[in-house]
Every structure is written in structure tokens, then in C-alpha cells.
$ cat protein.csv   # CSV, C-alpha atoms and all ligand atoms
chain,number,residue,atom,x,y,z
L,1,MET,CA,7.3,-20.5,-0.4
L,2,ALA,CA,9.4,-19.3,2.4
L,3,ARG,CA,11.8,-16.5,1.8
L,4,ASP,CA,12.5,-14.1,4.6
L,5,ASN,CA,11.8,-10.4,4.1
L,6,PHE,CA,10.4,-10.8,0.6
L,7,PHE,CA,6.8,-10.5,1.4
L,8,SER,CA,4.9,-7.9,3.4
L,9,VAL,CA,1.2,-7.7,4.2
L,10,GLU,CA,-1.3,-4.8,4.7
L,11,PHE,CA,-4.3,-4.6,6.9
L,12,PHE,CA,-6.9,-2.0,7.8
L,13,PRO,CA,-7.8,-1.3,11.4
L,14,PRO,CA,-10.7,-3.5,12.6
L,15,ARG,CA,-14.0,-1.7,13.2
L,16,ASP,CA,-15.2,-3.7,16.2
L,17,VAL,CA,-14.2,-6.3,18.7
L,18,ALA,CA,-15.2,-9.2,16.5
L,19,ALA,CA,-13.2,-7.9,13.6
L,20,ALA,CA,-10.2,-7.3,15.9
L,21,GLU,CA,-10.4,-11.0,16.9
L,22,ARG,CA,-10.6,-12.1,13.3
L,23,LEU,CA,-7.6,-9.9,12.5
L,24,GLN,CA,-5.6,-11.6,15.3
L,25,LYS,CA,-6.3,-14.9,13.6
L,26,THR,CA,-5.4,-13.6,10.1
L,27,THR,CA,-2.1,-12.2,11.4
L,28,GLN,CA,-1.2,-15.6,13.0
L,29,GLU,CA,-2.1,-17.4,9.8
L,30,LEU,CA,0.0,-15.1,7.7
L,31,GLN,CA,3.1,-15.5,9.7
L,32,VAL,CA,4.0,-18.6,7.7
L,33,ILE,CA,5.0,-16.4,4.8
L,34,ARG,CA,7.5,-14.7,7.1
L,35,PRO,CA,6.5,-11.2,6.2
L,36,SER,CA,9.2,-8.6,6.7
L,37,TYR,CA,6.5,-6.4,8.2
L,38,MET,CA,2.7,-5.9,8.6
L,39,SER,CA,1.5,-2.5,7.6
L,40,VAL,CA,-1.7,-0.8,8.9
L,41,THR,CA,-3.6,1.8,6.9
L,42,PHE,CA,-4.5,5.2,8.2
L,43,GLY,CA,-7.8,6.8,7.4
L,44,ALA,CA,-7.3,10.3,6.0
L,45,GLY,CA,-10.1,12.5,7.5
L,46,GLY,CA,-9.8,10.9,10.9
L,47,SER,CA,-12.1,7.8,10.7
L,48,THR,CA,-9.6,5.1,11.7
L,49,GLN,CA,-6.5,7.0,13.0
L,50,VAL,CA,-6.9,5.7,16.5
L,51,GLY,CA,-7.5,2.2,15.2
L,52,THR,CA,-4.2,2.4,13.3
L,53,ILE,CA,-2.3,3.1,16.5
L,54,GLU,CA,-4.2,0.4,18.5
L,55,THR,CA,-3.6,-2.1,15.7
L,56,VAL,CA,0.1,-1.3,15.5
L,57,ARG,CA,0.4,-1.6,19.3
L,58,MET,CA,-1.4,-5.0,19.2
L,59,LEU,CA,1.1,-6.2,16.6
L,60,LYS,CA,4.1,-4.8,18.4
L,61,ASN,CA,3.0,-6.4,21.7
L,62,ARG,CA,3.0,-9.7,19.9
L,63,GLY,CA,6.6,-9.1,18.7
L,64,LEU,CA,5.7,-8.4,15.1
L,65,GLU,CA,7.2,-5.7,12.9
L,66,ALA,CA,4.3,-3.3,12.5
L,67,VAL,CA,4.4,-0.4,10.1
L,68,PRO,CA,1.8,2.3,10.3
L,69,HIS,CA,0.7,4.3,7.3
L,70,LEU,CA,0.4,8.1,8.0
L,71,SER,CA,-1.3,10.5,5.7
L,72,CYS,CA,-0.9,14.3,5.8
L,73,VAL,CA,-4.1,15.5,4.1
L,74,GLY,CA,-6.5,17.0,6.7
L,75,ASN,CA,-4.0,16.9,9.5
L,76,THR,CA,-2.0,19.9,10.9
L,77,PRO,CA,1.7,19.7,11.3
L,78,GLU,CA,1.1,19.6,15.1
L,79,GLN,CA,-1.2,16.6,14.7
L,80,ILE,CA,1.3,14.9,12.5
L,81,LEU,CA,4.1,15.4,15.0
L,82,ALA,CA,1.8,14.0,17.8
L,83,TYR,CA,1.2,10.8,15.7
L,84,LEU,CA,5.0,10.5,15.0
L,85,GLU,CA,5.7,10.8,18.7
L,86,GLN,CA,3.2,8.1,19.5
L,87,PHE,CA,4.5,5.8,16.9
L,88,LYS,CA,8.1,6.3,18.2
L,89,GLN,CA,6.9,5.6,21.8
L,90,ILE,CA,5.4,2.3,20.8
L,91,GLY,CA,8.6,1.3,19.0
L,92,VAL,CA,7.7,2.0,15.4
L,93,THR,CA,10.8,2.5,13.2
L,94,GLN,CA,9.2,2.3,9.7
L,95,LEU,CA,6.3,4.2,8.2
L,96,VAL,CA,4.4,4.4,4.9
L,97,ALA,CA,4.1,8.2,4.3
L,98,LEU,CA,1.1,9.3,2.1
L,99,ARG,CA,-0.9,12.3,1.1
L,100,GLY,CA,-4.1,10.4,1.6
L,101,ASP,CA,-7.6,11.1,0.2
L,102,LEU,CA,-10.2,12.9,2.2
L,103,PRO,CA,-13.6,11.2,2.3
L,104,SER,CA,-16.0,12.8,-0.1
L,105,GLY,CA,-17.9,15.6,1.5
L,106,MET,CA,-15.0,16.7,3.6
L,107,GLY,CA,-14.0,19.4,1.2
L,108,LEU,CA,-10.6,20.4,0.1
L,109,ALA,CA,-7.5,19.8,2.2
L,110,SER,CA,-6.4,22.8,4.1
L,111,SER,CA,-3.3,21.1,5.4
L,112,GLU,CA,0.0,22.8,5.2
L,113,LEU,CA,1.5,19.5,4.1
L,114,ARG,CA,-0.2,19.1,0.7
L,115,HIS,CA,1.8,16.3,-0.9
L,116,ALA,CA,3.4,13.2,0.3
L,117,SER,CA,6.8,14.7,-0.6
L,118,ASP,CA,6.0,17.5,2.0
L,119,LEU,CA,5.3,14.8,4.6
L,120,VAL,CA,8.5,12.9,3.9
L,121,ALA,CA,10.5,16.2,4.1
L,122,PHE,CA,8.7,17.1,7.4
L,123,ILE,CA,9.5,13.7,8.9
L,124,ARG,CA,13.1,14.0,7.9
L,125,GLN,CA,13.3,17.5,9.3
L,126,HIS,CA,12.0,16.5,12.7
L,127,TYR,CA,13.3,12.9,13.0
L,128,GLY,CA,16.3,12.7,10.8
L,129,ASP,CA,17.0,9.1,9.8
L,130,TYR,CA,15.1,7.6,12.7
L,131,PHE,CA,12.2,6.3,10.5
L,132,ASN,CA,12.6,4.1,7.4
L,133,ILE,CA,10.1,5.8,5.1
L,134,LYS,CA,8.1,4.1,2.3
L,135,VAL,CA,6.0,5.9,-0.1
L,136,ALA,CA,3.3,5.0,-2.7
L,137,ALA,CA,4.1,4.5,-6.4
L,138,TYR,CA,1.7,4.3,-9.4
L,139,PRO,CA,2.9,2.3,-12.4
L,140,GLU,CA,-0.4,3.1,-14.1
L,141,MET,CA,-0.4,6.8,-13.0
L,142,HIS,CA,-2.1,8.3,-10.1
L,143,PRO,CA,-5.7,9.1,-11.1
L,144,GLN,CA,-5.4,12.8,-10.4
L,145,ALA,CA,-2.1,13.3,-12.2
L,146,THR,CA,-2.2,15.2,-15.4
L,147,SER,CA,0.4,13.1,-17.2
L,148,PRO,CA,2.6,10.0,-16.6
L,149,SER,CA,5.8,12.1,-16.9
L,150,GLU,CA,4.5,14.7,-14.4
L,151,ASP,CA,3.5,11.9,-12.0
L,152,LEU,CA,6.9,10.3,-12.3
L,153,ASP,CA,8.6,13.6,-11.5
L,154,HIS,CA,6.4,14.0,-8.5
L,155,PHE,CA,7.3,10.5,-7.4
L,156,ILE,CA,11.0,11.4,-7.7
L,157,THR,CA,10.4,14.5,-5.6
L,158,LYS,CA,9.3,12.1,-2.8
L,159,VAL,CA,12.4,10.1,-3.3
L,160,ASN,CA,14.6,13.2,-3.1
L,161,ALA,CA,12.8,14.3,0.0
L,162,GLY,CA,14.1,11.2,1.7
L,163,ALA,CA,11.9,8.1,0.9
L,164,ASP,CA,13.8,4.8,1.3
L,165,SER,CA,11.5,2.6,-0.7
L,166,ALA,CA,8.1,2.5,-2.4
L,167,ILE,CA,5.1,0.2,-2.6
L,168,THR,CA,3.0,0.4,-5.8
L,169,GLN,CA,-0.7,0.7,-6.2
L,170,TYR,CA,-2.0,-2.7,-7.2
L,171,PHE,CA,-1.9,-3.5,-10.9
L,172,TYR,CA,-2.6,-6.6,-13.1
L,173,ASN,CA,-0.3,-5.5,-16.0
L,174,PRO,CA,3.2,-6.6,-15.1
L,175,ASP,CA,4.6,-4.6,-18.1
L,176,ALA,CA,3.3,-1.4,-16.4
L,177,TYR,CA,5.5,-2.2,-13.4
L,178,ASP,CA,8.6,-3.0,-15.5
L,179,GLU,CA,8.2,0.1,-17.5
L,180,PHE,CA,7.8,2.3,-14.4
L,181,VAL,CA,10.9,0.8,-12.8
L,182,ASN,CA,12.8,1.2,-16.1
L,183,ARG,CA,11.8,4.9,-16.4
L,184,LEU,CA,13.0,5.5,-12.8
L,185,THR,CA,16.3,3.7,-13.4
L,186,ALA,CA,16.8,5.8,-16.5
L,187,LYS,CA,16.5,8.9,-14.3
L,188,GLY,CA,19.0,7.5,-11.8
L,189,VAL,CA,16.4,6.5,-9.2
L,190,THR,CA,17.3,3.1,-7.7
L,191,ILE,CA,15.2,2.8,-4.4
L,192,PRO,CA,13.4,-0.6,-4.2
L,193,VAL,CA,9.9,-0.5,-5.6
L,194,TYR,CA,7.9,-3.3,-4.1
L,195,ALA,CA,4.9,-4.6,-6.1
L,196,GLY,CA,1.6,-4.0,-4.4
L,197,ILE,CA,-0.6,-7.1,-5.1
L,198,MET,CA,-4.4,-7.3,-4.6
L,199,PRO,CA,-5.7,-10.8,-4.6
L,200,ILE,CA,-8.9,-11.2,-6.5
L,201,THR,CA,-11.8,-12.5,-4.4
L,202,ASN,CA,-14.8,-10.3,-5.1
L,203,TYR,CA,-15.4,-8.9,-8.5
L,204,SER,CA,-17.8,-6.0,-7.6
L,205,GLN,CA,-15.6,-4.8,-4.8
L,206,LEU,CA,-12.5,-5.0,-7.0
L,207,SER,CA,-14.3,-3.0,-9.8
L,208,ARG,CA,-15.3,-0.3,-7.3
L,209,PHE,CA,-11.8,0.0,-5.8
L,210,SER,CA,-10.1,0.0,-9.3
L,211,GLN,CA,-12.3,2.8,-10.6
L,212,MET,CA,-11.4,4.9,-7.6
L,213,CYS,CA,-7.7,4.3,-7.6
L,214,GLY,CA,-7.0,4.1,-11.3
L,215,ALA,CA,-5.8,0.5,-11.4
L,216,GLU,CA,-6.7,-1.2,-14.7
L,217,ILE,CA,-8.4,-4.6,-14.7
L,218,PRO,CA,-7.4,-6.0,-18.1
L,219,ARG,CA,-10.4,-6.7,-20.4
L,220,TRP,CA,-9.8,-10.4,-20.5
L,221,ILE,CA,-9.8,-10.6,-16.7
L,222,ARG,CA,-12.9,-8.5,-16.4
L,223,LEU,CA,-14.8,-10.6,-19.0
L,224,ARG,CA,-13.9,-13.8,-17.2
L,225,LEU,CA,-14.8,-12.5,-13.8
L,226,ALA,CA,-18.1,-11.1,-15.1
L,227,GLU,CA,-18.9,-14.4,-16.7
L,228,PHE,CA,-18.7,-16.2,-13.3
L,229,GLY,CA,-21.6,-14.1,-12.0
L,230,ASP,CA,-22.3,-15.1,-8.4
L,231,ASP,CA,-20.1,-18.2,-8.6
L,232,GLN,CA,-17.7,-17.0,-5.8
L,233,ALA,CA,-15.8,-20.3,-5.8
L,234,SER,CA,-14.9,-19.9,-9.5
L,235,ILE,CA,-14.0,-16.2,-9.0
L,236,ARG,CA,-11.7,-17.1,-6.2
L,237,ALA,CA,-10.0,-20.0,-8.1
L,238,PHE,CA,-9.5,-17.9,-11.3
L,239,GLY,CA,-8.3,-15.0,-9.2
L,240,ILE,CA,-5.7,-17.1,-7.4
L,241,ASP,CA,-4.5,-18.4,-10.8
L,242,VAL,CA,-4.3,-15.0,-12.4
L,243,VAL,CA,-2.6,-13.3,-9.4
L,244,THR,CA,-0.1,-16.2,-9.0
L,245,GLN,CA,0.9,-15.8,-12.6
L,246,LEU,CA,1.3,-12.1,-12.1
L,247,CYS,CA,3.5,-12.6,-9.0
L,248,GLN,CA,5.5,-15.3,-10.7
L,249,LYS,CA,6.3,-13.0,-13.7
L,250,LEU,CA,7.4,-10.3,-11.3
L,251,ILE,CA,9.6,-12.6,-9.3
L,252,ASP,CA,11.2,-14.1,-12.5
L,253,ASN,CA,11.9,-10.5,-13.6
L,254,GLY,CA,13.6,-9.7,-10.3
L,255,VAL,CA,11.0,-7.7,-8.3
L,256,PRO,CA,12.6,-6.8,-4.9
L,257,GLY,CA,9.5,-7.9,-2.9
L,258,ILE,CA,5.8,-8.3,-2.9
L,259,HIS,CA,3.3,-6.4,-0.7
L,260,PHE,CA,-0.1,-8.1,-0.4
L,261,TYR,CA,-3.2,-6.0,0.1
L,262,THR,CA,-4.9,-8.6,2.2
L,263,LEU,CA,-8.1,-6.8,3.1
L,264,ASN,CA,-7.7,-8.5,6.5
L,265,GLN,CA,-8.1,-12.0,4.9
L,266,SER,CA,-5.5,-14.7,4.8
L,267,LYS,CA,-6.8,-17.4,2.4
L,268,ALA,CA,-6.1,-15.9,-1.0
L,269,THR,CA,-2.7,-14.5,0.0
L,270,LEU,CA,-1.7,-17.9,1.4
L,271,ALA,CA,-2.9,-19.8,-1.7
L,272,ILE,CA,-1.0,-17.5,-4.0
L,273,TRP,CA,2.1,-17.7,-1.9
L,274,GLN,CA,2.0,-21.5,-1.8
L,275,ASN,CA,1.9,-21.6,-5.6
L,276,LEU,CA,5.0,-19.4,-6.1
L,277,LYS,CA,8.4,-20.6,-7.0
L,278,ILE,CA,11.1,-18.3,-5.7
N,1,LIG,P1,1.3,12.2,-3.6
N,1,LIG,O1,2.6,11.5,-3.8
N,1,LIG,O2,1.3,13.5,-2.9
N,1,LIG,O3,0.6,12.3,-5.1
N,1,LIG,C1,-0.8,12.6,-5.2
N,1,LIG,C2,-1.1,13.3,-6.5
N,1,LIG,O4,-0.5,14.6,-6.4
N,1,LIG,C3,-0.4,12.7,-7.7
N,1,LIG,O5,-1.3,12.9,-8.8
N,1,LIG,C4,0.9,13.5,-7.9
N,1,LIG,O6,1.3,13.5,-9.3
N,1,LIG,C5,0.4,14.8,-7.4
N,1,LIG,N1,1.5,15.6,-6.9
N,1,LIG,C6,2.5,15.2,-6.0
N,1,LIG,N2,3.3,16.2,-5.7
N,1,LIG,C7,2.9,17.3,-6.4
N,1,LIG,C8,3.3,18.6,-6.5
N,1,LIG,N3,4.4,19.0,-5.8
N,1,LIG,N4,2.6,19.5,-7.2
N,1,LIG,C9,1.5,19.1,-7.9
N,1,LIG,N5,1.1,17.8,-7.9
N,1,LIG,C10,1.7,16.9,-7.1
N,1,LIG,N6,-4.7,6.3,1.6
N,1,LIG,C11,-5.1,6.5,2.8
N,1,LIG,O7,-6.0,7.4,3.1
N,1,LIG,N7,-4.7,5.7,3.9
N,1,LIG,C12,-3.7,4.8,3.7
N,1,LIG,O8,-3.3,4.1,4.6
N,1,LIG,C13,-3.3,4.5,2.3
N,1,LIG,N8,-2.3,3.6,2.1
N,1,LIG,C14,-1.8,3.5,0.8
N,1,LIG,C15,-0.8,2.6,0.6
N,1,LIG,C16,-0.2,2.4,-0.7
N,1,LIG,C17,0.9,1.4,-0.9
N,1,LIG,C18,-0.8,3.1,-1.8
N,1,LIG,C19,-0.3,2.9,-3.2
N,1,LIG,C20,-1.8,4.0,-1.5
N,1,LIG,C21,-2.4,4.2,-0.3
N,1,LIG,N9,-3.4,5.1,0.0
N,1,LIG,C22,-3.8,5.3,1.3
N,1,LIG,C23,-4.0,5.9,-1.1
N,1,LIG,C24,-3.3,7.3,-1.3
N,1,LIG,O9,-3.5,8.0,-0.1
N,1,LIG,C25,-3.9,7.9,-2.5
N,1,LIG,O10,-3.6,7.3,-3.7
N,1,LIG,C26,-3.7,9.4,-2.6
N,1,LIG,O11,-4.6,9.9,-3.6
N,1,LIG,C27,-2.3,9.8,-3.0
N,1,LIG,O12,-1.4,9.6,-2.0
N,1,LIG,P2,0.2,9.8,-2.3
N,1,LIG,O13,0.9,9.6,-1.1
N,1,LIG,O14,0.5,8.9,-3.5
N,1,LIG,O15,0.2,11.3,-2.8

$ encode --input "protein.csv" --output "C-alpha cells" --more "lines below"
Ligand code: FAD
Amino acid sequence: MARDNFFSVEFFPPRDVAAAERLQKTTQELQVIRPSYMSVTFGAGGSTQVGTIETVRMLKNRGLEAVPHLSCVGNTPEQILAYLEQFKQIGVTQLVALRGDLPSGMGLASSELRHASDLVAFIRQHYGDYFNIKVAAYPEMHPQATSPSEDLDHFITKVNAGADSAITQYFYNPDAYDEFVNRLTAKGVTIPVYAGIMPITNYSQLSRFSQMCGAEIPRWIRLRLAEFGDDQASIRAFGIDVVTQLCQKLIDNGVPGIHFYTLNQSKATLAIWQNLKI
């Protein structure tokens, strides 16, 4: 299904030369969906931050719209400014601004910029409207939030600090997304909220991620996936079906766009995209 600027895709920085070559191939394969941009994650705590810049540069050199993520936790304001300056120098005009999570064992964040809203305000303070800023949204609540209402208010603080749009954490309950957007609309918040979509290709990995980030895998999906055991082909086929239906519902309900968490793979994203009617 080709529709310009409706889809976007996310990658993480490759860890070695072979992975970098595979990522080149993945990005070529995904161009068929005409993504509005390709975003590149940023490892809070330093692990992949250089890789983010290198990957963004690689995409930019190939004429692609590359959008780095930038997290504030664990970085000083001076370090954040240095990253912003590098991004600007390589032609970046859009960012995903995040708090980030420090890897376990790194202790508490000592950063002066404690929340994503602080980072958004900091970017606006230093760069005005130069960057288009996207932030994270959690239709099923951020796992550290004390209540959905408080989390929503914190989200709105990010919007008021200057965020232009948001990308959600992945979810498999379309009602959670609709409800989240309705609650924002009721509070007068109308920035586009793009649906973050995680294709299902590997059950144990998905379970692990979901536990960490607070995304619910509905019981019926869990049971079906568990029943497939090691039958990866059936997991993939079922996953493509389920996620296609999810995306189709969102599209039919008027979602402004879909952001695929590709995990640096193209096959599942392409299969879902081919099934969609938009
Ligand atoms: P925030 O918006 O700051 O919220 C985090 C928590 O703090 C929430 O519980 C919120 O309710 C609370 N909070 C916010 N403001 C306040 C306040 N003023 N007072 C008290 N509590 C407050 N992680 C990475 O490390 N690298 C990435 O590249 C990355 N990319 C991501 C992309 C997307 C689209 C998404 C959805 C997540 C991504 N993450 C990434 C994960 C993200 O960093 C974590 O979910 C992190 O725990 C929260 O980041 P945030 O920007 O949403 O934080």
C-alpha cells in the first residue's frame, strides 16, 4: 500500500560491520513503503550514542530523511548541546526527544534534565523552532507512572513544552489508543499521535520487551503464540495476521500515521504493509 508520509520506520544502531551491511539492505527494502522518515534509537547510558550519529549520517548520505532519538537521562546539558550541534551539522531537522532509561546497574540519573519535557523545553530554548520534535506516548500508561491521569498530565507537559507530535509505545489493544487520543482531545491537545507498531516475529523476545515497557499482550494472543512453541513460521504468520488487523482498525478509525518498530528487519513490516488497505 503506497501512501506518502503515512508510515515511518525505526532502527537501532548496528553493533558491527556485518550488522551495518544488513541494515543498509533493510533500509533499501523498506523504501517501497515510502516512509516519511527513518528514526534511529539512542542508547541512554552511552552504549550506542556514537552509533546513532553514524547511522543517521549514513541514511542522510543516501538522501533519506533520518531522525535521531535523543535521551536526556545520564547526559549533562553540555553533552546534549553537543549532540544537538552534531545533528544540526549533518542536516537533521527532526528529533525524537526522550527521557530514556539507564541500563540497570548504572544507578539513578543525576542529569539536570530529568524528564522528557525538560529536554523538549531545553531544545526549544536553544534552537527555537529549528527542530521538529516528536515525543513518546503511552496509551497503556508508562510503567513507572503512578496513575493514568498523572501520566496523561505529564504527557501534556511535554506538548506544552513544545512537542510537535508523538509516537506511541507499541500496543495490541486498539481501544487503548483510541481512548488515549480521546482523552487528549477532551483536554484540548490535538498534536498528531502516531501509532507505534511492533510486528510479532519472536514470542520470547516480545514477552521480555513487553514486561519491561508495560505493553500488554492480550491473553488470547499470548495463548496462541505460546501454543506454537518453536514453530517460528506459524508465529510469524499469526503475528502478521494479528498486526495487520490491528493496523487496519487504526487506519479505519483515522490514525494519522503508523511507526513500525522494525528491529532492523524488513520482512514482517513489508508483509503487514502489503496487506493494508488505505
Ligand atoms: P517522560 O516523558 O519523562 O516520562 C517518564 C515517566 O516520568 C512517566 O512515568 C511520566 O509519567 C513521568 N514524568 C514525566 N514528567 C514528570 C514530572 N514532571 N514529574 C514526575 N514524573 C514525571 N529509550 C531509549 O533509551 N532510547 C530510545 O531511542 C528510545 N526510543 C523510544 C521511542 C519511542 C517512540 C518510545 C515510546 C520509547 C522510546 N524509548 C527509548 C523508551 C523511553 O526512553 C522509556 O519509555 C522511558 O522510560 C521514558 O521516556 P519518556 O521520554 O517517555 O519519559

$ residues_around --input "protein.csv" --residues "Phe87 of chain L" --least-positions-apart "5" --cutoff "12 Å" --atoms "only C-alpha atoms" --output "number ranges by chain"
L: 49-50, 52-57, 60, 66-70, 80-82, 92-95, 127, 130-131

$ write_last_selection --input "protein.csv" --atoms "C-alpha atoms" --output "PDB file, keeping the file's coordinate frame"
ATOM      1  CA  GLN L  49      -6.500   7.000  13.000  1.00  0.00           C
ATOM      2  CA  VAL L  50      -6.900   5.700  16.500  1.00  0.00           C
ATOM      3  CA  THR L  52      -4.200   2.400  13.300  1.00  0.00           C
ATOM      4  CA  ILE L  53      -2.300   3.100  16.500  1.00  0.00           C
ATOM      5  CA  GLU L  54      -4.200   0.400  18.500  1.00  0.00           C
ATOM      6  CA  THR L  55      -3.600  -2.100  15.700  1.00  0.00           C
ATOM      7  CA  VAL L  56       0.100  -1.300  15.500  1.00  0.00           C
ATOM      8  CA  ARG L  57       0.400  -1.600  19.300  1.00  0.00           C
ATOM      9  CA  LYS L  60       4.100  -4.800  18.400  1.00  0.00           C
ATOM     10  CA  ALA L  66       4.300  -3.300  12.500  1.00  0.00           C
ATOM     11  CA  VAL L  67       4.400  -0.400  10.100  1.00  0.00           C
ATOM     12  CA  PRO L  68       1.800   2.300  10.300  1.00  0.00           C
ATOM     13  CA  HIS L  69       0.700   4.300   7.300  1.00  0.00           C
ATOM     14  CA  LEU L  70       0.400   8.100   8.000  1.00  0.00           C
ATOM     15  CA  ILE L  80       1.300  14.900  12.500  1.00  0.00           C
ATOM     16  CA  LEU L  81       4.100  15.400  15.000  1.00  0.00           C
ATOM     17  CA  ALA L  82       1.800  14.000  17.800  1.00  0.00           C
ATOM     18  CA  VAL L  92       7.700   2.000  15.400  1.00  0.00           C
ATOM     19  CA  THR L  93      10.800   2.500  13.200  1.00  0.00           C
ATOM     20  CA  GLN L  94       9.200   2.300   9.700  1.00  0.00           C
ATOM     21  CA  LEU L  95       6.300   4.200   8.200  1.00  0.00           C
ATOM     22  CA  TYR L 127      13.300  12.900  13.000  1.00  0.00           C
ATOM     23  CA  TYR L 130      15.100   7.600  12.700  1.00  0.00           C
ATOM     24  CA  PHE L 131      12.200   6.300  10.500  1.00  0.00           C
TER      25      PHE L 131
END

$ residues_near_ligand --input "protein.csv" --ligand "ligand LIG 1 (chain N)" --cutoff "8 Å" --atoms "all atoms listed in the file" --output "number ranges by chain"
L: 12, 40-45, 68-71, 96-102, 114-118, 135-138, 141-147, 150-155, 157-158, 166-170, 196, 213

$ atom_distance --input "protein.csv" --atom1 "atom CA of Pro256 of chain L" --atom2 "atom CA of Gln28 of chain L"
24.3 Å

$ closest_residue --input "protein.csv" --among "L:Ala271, L:Leu263, L:Val17, L:Ile200" --to "Ile217 of chain L" --atoms "all atoms listed in the file"
L:Ile200

$ closest_atom_pairs --input "protein.csv" --of "segment 117-224 of chain L" --to "segment 230-244 of chain L" --cutoff "12 Å" --atoms "only C-alpha atoms" --output "tab-separated table"
residue	atom	partner	partner_atom	distance
L:Tyr170	CA	L:Val243	CA	10.8
L:Phe171	CA	L:Val243	CA	9.9
L:Tyr172	CA	L:Val243	CA	7.7
L:Asn173	CA	L:Val243	CA	10.5
L:Pro174	CA	L:Val243	CA	10.5
L:Ala195	CA	L:Val243	CA	12.0
L:Gly196	CA	L:Val243	CA	11.4
L:Ile197	CA	L:Val243	CA	7.8
L:Met198	CA	L:Val243	CA	7.9
L:Pro199	CA	L:Val243	CA	6.2
L:Ile200	CA	L:Gly239	CA	4.7
L:Thr201	CA	L:Arg236	CA	4.9
L:Asn202	CA	L:Ile235	CA	7.1
L:Tyr203	CA	L:Ile235	CA	7.4
L:Ser204	CA	L:Asp230	CA	10.2
L:Leu206	CA	L:Gly239	CA	11.1
L:Ile217	CA	L:Val242	CA	11.4
L:Pro218	CA	L:Val242	CA	11.1
L:Trp220	CA	L:Val242	CA	10.8
L:Ile221	CA	L:Val242	CA	8.3
L:Arg222	CA	L:Gly239	CA	10.7
L:Leu223	CA	L:Ile235	CA	11.5
L:Arg224	CA	L:Phe238	CA	8.4

$ write_last_selection --input "protein.csv" --atoms "C-alpha atoms" --output "PDB file, in the frame of the given file"
ATOM      1  CA  TYR L 170      -2.000  -2.700  -7.200  1.00  0.00           C
ATOM      2  CA  PHE L 171      -1.900  -3.500 -10.900  1.00  0.00           C
ATOM      3  CA  TYR L 172      -2.600  -6.600 -13.100  1.00  0.00           C
ATOM      4  CA  ASN L 173      -0.300  -5.500 -16.000  1.00  0.00           C
ATOM      5  CA  PRO L 174       3.200  -6.600 -15.100  1.00  0.00           C
ATOM      6  CA  ALA L 195       4.900  -4.600  -6.100  1.00  0.00           C
ATOM      7  CA  GLY L 196       1.600  -4.000  -4.400  1.00  0.00           C
ATOM      8  CA  ILE L 197      -0.600  -7.100  -5.100  1.00  0.00           C
ATOM      9  CA  MET L 198      -4.400  -7.300  -4.600  1.00  0.00           C
ATOM     10  CA  PRO L 199      -5.700 -10.800  -4.600  1.00  0.00           C
ATOM     11  CA  ILE L 200      -8.900 -11.200  -6.500  1.00  0.00           C
ATOM     12  CA  THR L 201     -11.800 -12.500  -4.400  1.00  0.00           C
ATOM     13  CA  ASN L 202     -14.800 -10.300  -5.100  1.00  0.00           C
ATOM     14  CA  TYR L 203     -15.400  -8.900  -8.500  1.00  0.00           C
ATOM     15  CA  SER L 204     -17.800  -6.000  -7.600  1.00  0.00           C
ATOM     16  CA  LEU L 206     -12.500  -5.000  -7.000  1.00  0.00           C
ATOM     17  CA  ILE L 217      -8.400  -4.600 -14.700  1.00  0.00           C
ATOM     18  CA  PRO L 218      -7.400  -6.000 -18.100  1.00  0.00           C
ATOM     19  CA  TRP L 220      -9.800 -10.400 -20.500  1.00  0.00           C
ATOM     20  CA  ILE L 221      -9.800 -10.600 -16.700  1.00  0.00           C
ATOM     21  CA  ARG L 222     -12.900  -8.500 -16.400  1.00  0.00           C
ATOM     22  CA  LEU L 223     -14.800 -10.600 -19.000  1.00  0.00           C
ATOM     23  CA  ARG L 224     -13.900 -13.800 -17.200  1.00  0.00           C
TER      24      ARG L 224
END

$ closest_residue --input "protein.csv" --among "L:Asp178, L:Glu85, L:Asp252, L:Glu140" --to "Ser210 of chain L" --atoms "only C-alpha atoms"
L:Glu140

$ decode --input "protein.csv" --residues "segment 75-119 of chain L" --atoms "C-alpha atoms" --output "compact mmCIF listing (two decimals), in the first residue's frame"
# COMPACT_ATOMS: atom_id res chain seq x y z
CA ASN L 75 23.70 13.25 29.90
CA THR L 76 24.69 16.74 31.05
CA PRO L 77 23.15 19.77 29.34
CA GLU L 78 26.55 20.39 27.71
CA GLN L 79 26.57 16.87 26.25
CA ILE L 80 23.02 17.32 24.99
CA LEU L 81 24.02 20.59 23.32
CA ALA L 82 26.99 18.86 21.68
CA TYR L 83 24.70 16.15 20.27
CA LEU L 84 22.21 18.73 19.02
CA GLU L 85 25.01 20.64 17.30
CA GLN L 86 26.27 17.47 15.60
CA PHE L 87 22.78 16.59 14.47
CA LYS L 88 22.31 20.07 13.04
CA GLN L 89 25.65 19.86 11.23
CA ILE L 90 24.65 16.67 9.45
CA GLY L 91 21.36 18.18 8.33
CA VAL L 92 18.97 16.74 10.91
CA THR L 93 15.78 18.79 11.33
CA GLN L 94 13.61 16.31 13.27
CA LEU L 95 14.22 14.55 16.58
CA VAL L 96 12.51 12.10 18.93
CA ALA L 97 13.11 13.62 22.39
CA LEU L 98 13.04 11.17 25.31
CA ARG L 99 13.96 10.78 28.91
CA GLY L 100 15.44 7.33 28.28
CA ASP L 101 16.15 4.51 30.70
CA LEU L 102 19.59 3.99 32.18
CA PRO L 103 20.81 0.39 31.88
CA SER L 104 20.38 -1.50 35.16
CA GLY L 105 23.40 -1.08 37.40
CA MET L 106 24.07 2.49 36.30
CA GLY L 107 22.29 3.93 39.31
CA LEU L 108 19.99 6.90 39.38
CA ALA L 109 20.09 9.64 36.83
CA SER L 110 21.97 12.69 38.02
CA SER L 111 21.08 14.65 34.94
CA GLU L 112 19.69 18.15 35.31
CA LEU L 113 17.23 17.28 32.59
CA ARG L 114 15.12 14.70 34.40
CA HIS L 115 12.05 14.36 32.24
CA ALA L 116 11.44 14.39 28.51
CA SER L 117 9.52 17.65 29.00
CA ASP L 118 12.75 19.24 30.36
CA LEU L 119 14.58 18.07 27.23
